[in-house]
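Visitor: Have a look at this one before I ask anything.
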Amino acid sequence: MRLTHVYGLYEGFSNHPFYIGVTYEPKRRLWAHRAAADGKRVDSLTGCGVKGADISMRLLAQCDDRANAETIEKALQKYHGLHIVTVEKLIKEEDGKAV
């Protein structure tokens with residue numbers, strides 16, 4: 001059985017994630033996000049303005065089924081006001097306005 005992880009990415013000592021995603025391999029995915037934040041590869045964190053060294057990952061849930069993990073991911077994104085505007089840009093909303 002392959003576990004699917006729902007994770008949050010945090011900047012520095014923040015308690016609020018700026019990104020929530022799903023992965024089978026958390027260590028590999030964190031490396032990829034840090035590389036993208038530093039401009040060494042392209043993913044949704046490319047150009048996010050956060051230094052790769054300042055990004056930490058917290059595992060928020062584990063699921064036996066990827067569909068369940070994606071349901072939890074979407075619920076947590078909504079709860080934290082995170083929306084993917086394009087494949088490469090994220091924004092945070094507070095009270096319906098982009099911050």
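Chain identifiers are assigned as A, B, and so on, following the order in which chains appear in the structure tokens; residues are numbered from 1 within each chain, and ligands are numbered from 1 in order of appearance.
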List the spatial neighbours of stretch 67-77 of chain A as a list in words - criterion: any atom at most 8 Å away, only C-alpha atoms, same-chain residues fewer than 3 positions off excluded.
Guide: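 Once the nearby chain positions are removed, what remains is Thr4, His5, Val6, Tyr19, Ile20, Gly21, Val22, Ala61, Gln62, Cys63, Asp64, His80, Gly81, Leu82 and His83 of chain A.
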Visitor: Determine, counting only C-alpha atoms, which protein, DNA and RNA residues have an atom within 12 Å of an atom of A:Ala35; residues of the same chain fewer than 2 positions away are not included. Present the result as an mmCIF file with N, CA and C atoms, in the first residue's frame.
Guide:
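Printed below is result-v8.cif as written:
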```cif
data_model
loop_
_atom_site.group_PDB
_atom_site.id
_atom_site.type_symbol
_atom_site.label_atom_id
_atom_site.label_comp_id
_atom_site.auth_asym_id
_atom_site.auth_seq_id
_atom_site.Cartn_x
_atom_site.Cartn_y
_atom_site.Cartn_z
ATOM 1 N N ARG A 28 11.366 14.283 -1.221
ATOM 2 C CA ARG A 28 11.665 14.648 -2.610
ATOM 3 C C ARG A 28 10.875 15.893 -3.027
ATOM 4 N N ARG A 29 9.627 15.975 -2.610
ATOM 5 C CA ARG A 29 8.779 17.114 -2.984
ATOM 6 C C ARG A 29 9.271 18.397 -2.325
ATOM 7 N N LEU A 30 9.701 18.310 -1.064
ATOM 8 C CA LEU A 30 10.244 19.497 -0.391
ATOM 9 C C LEU A 30 11.484 19.988 -1.121
ATOM 10 N N TRP A 31 12.378 19.063 -1.502
ATOM 11 C CA TRP A 31 13.561 19.452 -2.258
ATOM 12 C C TRP A 31 13.162 20.165 -3.552
ATOM 13 N N ALA A 32 12.163 19.625 -4.256
ATOM 14 C CA ALA A 32 11.723 20.211 -5.524
ATOM 15 C C ALA A 32 11.147 21.609 -5.310
ATOM 16 N N HIS A 33 10.338 21.793 -4.266
ATOM 17 C CA HIS A 33 9.776 23.123 -3.985
ATOM 18 C C HIS A 33 10.875 24.121 -3.623
ATOM 19 N N ALA A 37 11.711 27.542 -5.625
ATOM 20 C CA ALA A 37 11.720 28.855 -4.962
ATOM 21 C C ALA A 37 13.038 29.586 -5.228
ATOM 22 N N ASP A 38 14.123 28.830 -5.369
ATOM 23 C CA ASP A 38 15.431 29.418 -5.658
ATOM 24 C C ASP A 38 15.692 29.590 -7.152
ATOM 25 N N GLY A 39 14.699 29.288 -7.999
ATOM 26 C CA GLY A 39 14.825 29.487 -9.439
ATOM 27 C C GLY A 39 15.590 28.405 -10.162
ATOM 28 N N LYS A 40 15.803 27.249 -9.548
ATOM 29 C CA LYS A 40 16.559 26.172 -10.168
ATOM 30 C C LYS A 40 15.690 25.192 -10.939
ATOM 31 N N ARG A 41 14.380 25.287 -10.800
ATOM 32 C CA ARG A 41 13.424 24.467 -11.556
ATOM 33 C C ARG A 41 12.086 25.195 -11.565
ATOM 34 N N VAL A 42 11.128 24.684 -12.328
ATOM 35 C CA VAL A 42 9.839 25.357 -12.455
ATOM 36 C C VAL A 42 8.747 24.488 -11.830
ATOM 37 N N ASP A 43 8.015 25.063 -10.890
ATOM 38 C CA ASP A 43 6.769 24.490 -10.381
ATOM 39 C C ASP A 43 5.952 25.636 -9.813
ATOM 40 N N SER A 44 4.951 25.349 -9.020
ATOM 41 C CA SER A 44 4.049 26.395 -8.538
ATOM 42 C C SER A 44 4.727 27.377 -7.585
ATOM 43 N N LEU A 45 5.907 27.096 -7.096
ATOM 44 C CA LEU A 45 6.613 28.021 -6.207
ATOM 45 C C LEU A 45 7.648 28.878 -6.921
ATOM 46 N N THR A 46 7.826 28.681 -8.215
ATOM 47 C CA THR A 46 8.772 29.496 -8.973
ATOM 48 C C THR A 46 8.351 30.959 -8.886
ATOM 49 N N GLY A 47 9.271 31.805 -8.456
ATOM 50 C CA GLY A 47 8.978 33.231 -8.353
ATOM 51 C C GLY A 47 8.080 33.607 -7.194
ATOM 52 N N CYS A 48 7.979 32.746 -6.174
ATOM 53 C CA CYS A 48 7.066 33.008 -5.061
ATOM 54 C C CYS A 48 7.596 34.047 -4.084
ATOM 55 N N VAL A 50 9.893 33.538 -1.758
ATOM 56 C CA VAL A 50 10.370 32.912 -0.528
ATOM 57 C C VAL A 50 11.676 32.189 -0.849
ATOM 58 N N LYS A 51 12.677 32.337 -0.001
ATOM 59 C CA LYS A 51 13.941 31.632 -0.193
ATOM 60 C C LYS A 51 13.745 30.154 0.116
ATOM 61 N N GLY A 52 14.349 29.300 -0.676
ATOM 62 C CA GLY A 52 14.232 27.867 -0.465
ATOM 63 C C GLY A 52 14.644 27.433 0.929
ATOM 64 N N ALA A 53 15.690 28.049 1.463
ATOM 65 C CA ALA A 53 16.177 27.687 2.796
ATOM 66 C C ALA A 53 15.185 28.050 3.899
ATOM 67 N N ASP A 54 14.255 28.970 3.610
ATOM 68 C CA ASP A 54 13.267 29.398 4.604
ATOM 69 C C ASP A 54 11.982 28.571 4.566
ATOM 70 N N ILE A 55 11.909 27.589 3.668
ATOM 71 C CA ILE A 55 10.694 26.784 3.519
ATOM 72 C C ILE A 55 10.803 25.522 4.362
#
```
Visitor: Please measure the separation of atom CA of A:Arg2 and atom CA of A:Leu59, giving the value in Å to one decimal.
Guide: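 Distance reported for this atom pair: 15.5 Å.
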Visitor: Could you pull the residues within 9 Å of A:Met57, counting only C-alpha atoms, minus those fewer than 3 positions along the same chain, as a ChimeraX atom specification?
Guide: /A:7-10,17,26-27,30
Visitor: Convert the current residue selection to file output with C-alpha atoms, as a compact mmCIF listing (two decimals), in the first residue's frame.
Guide:
```
# COMPACT_ATOMS: atom_id res chain seq x y z
CA TYR A 7 1.46 18.66 3.39
CA GLY A 8 1.76 22.34 4.13
CA LEU A 9 4.69 24.59 3.29
CA TYR A 10 5.59 27.30 5.77
CA PRO A 17 0.93 27.59 5.38
CA PRO A 26 7.53 14.28 1.01
CA LYS A 27 11.35 14.61 1.17
CA LEU A 30 10.24 19.50 -0.39
```
Visitor: So how far away is atom CA of A:Met1 from atom CA of A:Tyr79, in Å?
Guide: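 About the pair atom CA of A:Tyr79 and atom CA of A:Met1: they are 29.0 Å apart.
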